[in-house]
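Notes follow the structure.
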Amino acid sequence: MDLNLKNRIVLVTGGASGIGKRICLDFASEGANVVIADINEAGAKAVAEEVRNSAVKAIAVKCDVTKTDEVKNAVKKCIDEFNRLDILVCNAGIIRDAMIHKMPEENYDLVMDINLKGYWRFCKEVVPIMKKQRYGKIIMISSMAYLGSRGQSNYSPAKAGVVALCKTLAQEVGYVGVNVNVIAPGLIVTPLTEEFASNKEQRTRIEKGLVLQRQPELGPKLGTPEDISNLTLFLASDRSSYITADVFHVSAGRKIAGA
């Protein structure tokens, strides 16, 4: 299926590693030009070099999503370079897990600021651009944790907030043809989740609870960044022009399994 993403301009937050990096590389392979925004400037520059191997343009921008001026700067650099922004992928996030009675308040505040308000800051800057263009795709990476997750009384509310932000924003921008959707991954093996996924007991418990037991030739049992990127590209394309305000679970059926 041709997704017709050639020459599109996409900005990905948290694009230096994990899911974000895979999204950047896959957009590039489809011919899109990519802006990689990440607090890890060296990592963002390394991804930009890889992106350029696909014969497209890429710029790396150091961006702490908790700082409004850095968010504004990232969007400005995109517009200065490309004169438009077609696709925003909000992906930057962290975890600071602990049971609520053991969680420092600053870890609650930090997770909410990055994982929810960071998305809000970027949307606030990008929406006027997309409204003027009368075109745009906003894709927010949430998590199955939005349904509630033990030990994540900061992360789960932040990811639930992302779903609410999507549904609210979709109503505000739909009249100009801008689509807003959420992807809620299950356990995806990335540097962020590597410690959890490497625990044999925990990994086995999760794998046994999945409805879909993926065949080895199609990929590992647990999710990969490619699984998220594949859906991101579809939602960024005009193949999804009649889809907005929706939440897509990418979890091998983990939601209904209750794993």
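How things are named: the first chain in the structure tokens is A, the next is B, and so on; residues count from 1 in each chain; ligands count from 1 in the order shown.
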Using only C-alpha atoms, which residues sit within 8 Å of stretch 131-143 of chain A once same-chain residues fewer than 2 positions away are excluded, as a PDB file with C-alpha atoms, in the first residue's frame?
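The new file selection-v5.pdb reads:
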ATOM      1  CA  LEU A  85       4.461  21.034   9.207  1.00  0.00           C
ATOM      2  CA  ASP A  86       2.212  18.214   8.067  1.00  0.00           C
ATOM      3  CA  ILE A  87       2.523  15.650  10.853  1.00  0.00           C
ATOM      4  CA  LEU A  88       3.222  15.887  14.575  1.00  0.00           C
ATOM      5  CA  VAL A  89       4.063  12.723  16.506  1.00  0.00           C
ATOM      6  CA  CYS A  90       4.076  13.307  20.281  1.00  0.00           C
ATOM      7  CA  ASN A  91       6.143  10.514  21.741  1.00  0.00           C
ATOM      8  CA  TYR A 119       2.245  16.967  24.419  1.00  0.00           C
ATOM      9  CA  VAL A 127      -2.377  23.730  15.869  1.00  0.00           C
ATOM     10  CA  PRO A 128      -2.334  27.324  14.499  1.00  0.00           C
ATOM     11  CA  ILE A 129       0.002  26.170  11.720  1.00  0.00           C
ATOM     12  CA  ALA A 145      -1.348   2.014  31.247  1.00  0.00           C
ATOM     13  CA  TYR A 146      -4.033   4.656  30.710  1.00  0.00           C
ATOM     14  CA  LYS A 159      -1.372   8.580  29.660  1.00  0.00           C
ATOM     15  CA  ALA A 160      -5.113   8.795  30.385  1.00  0.00           C
ATOM     16  CA  VAL A 162      -3.233  12.042  26.585  1.00  0.00           C
ATOM     17  CA  VAL A 163      -6.405  10.205  25.508  1.00  0.00           C
ATOM     18  CA  CYS A 166      -6.703  13.830  21.844  1.00  0.00           C
ATOM     19  CA  VAL A 173      -9.536  21.175  14.867  1.00  0.00           C
ATOM     20  CA  VAL A 176     -10.391  22.375   9.252  1.00  0.00           C
ATOM     21  CA  GLY A 177      -9.595  18.790   8.349  1.00  0.00           C
ATOM     22  CA  VAL A 178      -6.955  18.026  10.981  1.00  0.00           C
ATOM     23  CA  ASN A 179      -6.951  14.468  12.313  1.00  0.00           C
ATOM     24  CA  VAL A 180      -5.940  13.661  15.909  1.00  0.00           C
ATOM     25  CA  ASN A 181      -5.495  10.099  17.127  1.00  0.00           C
ATOM     26  CA  VAL A 182      -3.860   8.092  19.903  1.00  0.00           C
ATOM     27  CA  ILE A 183      -1.835   4.894  19.821  1.00  0.00           C
ATOM     28  CA  ALA A 184      -1.813   2.990  23.112  1.00  0.00           C
ATOM     29  CA  PRO A 185       0.944   0.362  23.077  1.00  0.00           C
ATOM     30  CA  GLY A 186       1.123  -2.635  25.336  1.00  0.00           C
ATOM     31  CA  THR A 232       1.805   5.634  13.070  1.00  0.00           C
ATOM     32  CA  LEU A 235      -2.509   7.319  10.725  1.00  0.00           C
ATOM     33  CA  ALA A 236      -0.187   9.962   9.259  1.00  0.00           C
TER      34      ALA A 236
END
Write down as a PDB file with C-alpha atoms, in the first residue's frame the residues of stretch 24-250 of chain A whose backbone DSSP state falls under strand (DSSP E).
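Output below, filename result-v6.pdb:
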ATOM      1  CA  ASN A  33      11.400  14.825   5.737  1.00  0.00           C
ATOM      2  CA  VAL A  34      11.924  14.555   9.476  1.00  0.00           C
ATOM      3  CA  VAL A  35      12.511  16.872  12.430  1.00  0.00           C
ATOM      4  CA  ILE A  36      13.879  14.972  15.417  1.00  0.00           C
ATOM      5  CA  ALA A  37      13.204  16.786  18.694  1.00  0.00           C
ATOM      6  CA  ASP A  38      14.801  15.271  21.778  1.00  0.00           C
ATOM      7  CA  ALA A  58      16.407  15.837   8.468  1.00  0.00           C
ATOM      8  CA  ILE A  59      17.133  18.310  11.219  1.00  0.00           C
ATOM      9  CA  ALA A  60      17.863  17.556  14.868  1.00  0.00           C
ATOM     10  CA  VAL A  61      16.706  19.934  17.583  1.00  0.00           C
ATOM     11  CA  LYS A  62      17.580  19.760  21.249  1.00  0.00           C
ATOM     12  CA  ILE A  87       2.523  15.650  10.853  1.00  0.00           C
ATOM     13  CA  LEU A  88       3.222  15.887  14.575  1.00  0.00           C
ATOM     14  CA  VAL A  89       4.063  12.723  16.506  1.00  0.00           C
ATOM     15  CA  CYS A  90       4.076  13.307  20.281  1.00  0.00           C
ATOM     16  CA  GLY A 136      -2.500  18.148   9.500  1.00  0.00           C
ATOM     17  CA  LYS A 137      -2.108  14.881  11.362  1.00  0.00           C
ATOM     18  CA  ILE A 138      -1.440  14.708  15.090  1.00  0.00           C
ATOM     19  CA  ILE A 139      -0.576  11.310  16.529  1.00  0.00           C
ATOM     20  CA  MET A 140      -0.064  10.902  20.269  1.00  0.00           C
ATOM     21  CA  ILE A 141       1.671   7.892  21.768  1.00  0.00           C
ATOM     22  CA  VAL A 178      -6.955  18.026  10.981  1.00  0.00           C
ATOM     23  CA  ASN A 179      -6.951  14.468  12.313  1.00  0.00           C
ATOM     24  CA  VAL A 180      -5.940  13.661  15.909  1.00  0.00           C
ATOM     25  CA  ASN A 181      -5.495  10.099  17.127  1.00  0.00           C
ATOM     26  CA  VAL A 182      -3.860   8.092  19.903  1.00  0.00           C
ATOM     27  CA  ILE A 183      -1.835   4.894  19.821  1.00  0.00           C
ATOM     28  CA  ALA A 184      -1.813   2.990  23.112  1.00  0.00           C
ATOM     29  CA  PRO A 185       0.944   0.362  23.077  1.00  0.00           C
ATOM     30  CA  VAL A 247      -7.531   5.212  20.464  1.00  0.00           C
ATOM     31  CA  PHE A 248      -5.727   2.278  18.868  1.00  0.00           C
ATOM     32  CA  HIS A 249      -4.458  -0.477  21.147  1.00  0.00           C
ATOM     33  CA  VAL A 250      -1.346  -2.244  19.895  1.00  0.00           C
TER      34      VAL A 250
END
Using only C-alpha atoms, determine which residues lie at most 9 Å from A:Ile95, disregarding the query and same-chain residues fewer than 4 positions distant; provide the list as a compact mmCIF listing (two decimals) with N, CA and C atoms, in the first residue's frame.
# COMPACT_ATOMS: atom_id res chain seq x y z
N ASN A 107 8.49 13.27 41.44
CA ASN A 107 8.40 12.29 40.36
C ASN A 107 7.01 12.25 39.73
N VAL A 111 6.73 13.39 35.66
CA VAL A 111 6.09 12.51 34.68
C VAL A 111 4.88 13.19 34.03
N ASN A 115 5.05 13.75 30.10
CA ASN A 115 4.21 12.81 29.36
C ASN A 115 2.85 13.36 28.95
N GLN A 152 2.03 2.90 39.09
CA GLN A 152 2.19 3.99 38.11
C GLN A 152 1.12 5.05 38.32
N ASN A 154 1.50 8.02 38.66
CA ASN A 154 1.87 9.21 37.89
C ASN A 154 1.73 8.95 36.39
N TYR A 155 2.29 7.86 35.94
CA TYR A 155 2.33 7.52 34.51
C TYR A 155 0.93 7.24 33.95
N LEU A 192 13.58 1.92 27.29
CA LEU A 192 12.79 2.35 28.45
C LEU A 192 12.23 1.17 29.24
Find the residues around stretch 64-77 of chain A up to 7 Å (only C-alpha atoms counted), leave out those fewer than 3 positions away in its own chain, and share them as a tab-separated table (two decimals) with N, CA and C atoms, in the first residue's frame.
chain	number	residue	atom	x	y	z
A	37	ALA	N	13.12	15.93	17.51
A	37	ALA	CA	13.20	16.79	18.69
A	37	ALA	C	13.41	15.90	19.91
A	38	ASP	N	14.50	16.12	20.63
A	38	ASP	CA	14.80	15.27	21.78
A	38	ASP	C	15.72	16.01	22.73
A	39	ILE	N	15.57	15.73	24.01
A	39	ILE	CA	16.46	16.33	25.01
A	39	ILE	C	17.88	15.81	24.84
A	61	VAL	N	16.89	18.78	16.70
A	61	VAL	CA	16.71	19.93	17.58
A	61	VAL	C	16.73	19.47	19.03
A	80	ASP	N	11.02	27.28	9.66
A	80	ASP	CA	12.10	28.00	8.96
A	80	ASP	C	12.73	27.14	7.88
A	81	GLU	N	12.87	25.84	8.16
A	81	GLU	CA	13.51	24.93	7.21
A	81	GLU	C	12.58	24.49	6.10
A	113	ASP	N	4.48	16.40	33.68
A	113	ASP	CA	4.96	17.53	32.88
A	113	ASP	C	5.49	17.07	31.53
A	114	ILE	N	6.22	15.96	31.52
A	114	ILE	CA	6.78	15.45	30.27
A	114	ILE	C	5.73	14.70	29.46
A	118	GLY	N	3.89	18.10	28.10
A	118	GLY	CA	4.79	18.21	26.95
A	118	GLY	C	4.05	18.05	25.63
A	121	ARG	N	2.01	21.26	25.14
A	121	ARG	CA	2.83	22.39	24.68
A	121	ARG	C	3.05	22.32	23.17
A	122	PHE	N	3.37	21.14	22.66
A	122	PHE	CA	3.61	21.01	21.22
A	122	PHE	C	2.33	21.24	20.42
A	125	GLU	N	1.50	24.87	19.96
A	125	GLU	CA	2.30	25.57	18.96
A	125	GLU	C	1.95	25.15	17.54
With a distance cut-off of 6 Å and only C-alpha atoms, select the neighbouring residues of stretch 218-229 of chain A, excluding the residue or stretch itself and same-chain residues fewer than 5 positions from it, and output the selection as a list in words. Ile19, Ile23, Ile188 and Val189 of chain A
Selection above as a file: C-alpha atoms, as a PDB file, in the first residue's frame:
ATOM      1  CA  ILE A  19       9.805   3.942  19.419  1.00  0.00           C
ATOM      2  CA  ILE A  23       9.163   6.176  13.661  1.00  0.00           C
ATOM      3  CA  ILE A 188       6.989  -2.716  23.694  1.00  0.00           C
ATOM      4  CA  VAL A 189      10.610  -3.729  24.151  1.00  0.00           C
TER       5      VAL A 189
END
Could you check which of A:Gln171, A:Ile9, A:Gly209, A:Pro104 is closest to A:Ile79, using only C-alpha atoms?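 The shortest atom-to-atom distance to A:Ile79 comes from A:Ile9.
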Taking only C-alpha atoms into account, which of A:Ser17, A:Leu3, A:Val12, A:Ala158 comes nearest A:Ser240? A:Leu3
Of the residues A:Val126, A:Met99, A:Ile94, A:Ala46, which is the one nearest to A:Ala16, using only C-alpha atoms?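 Closest candidate: A:Ala46.
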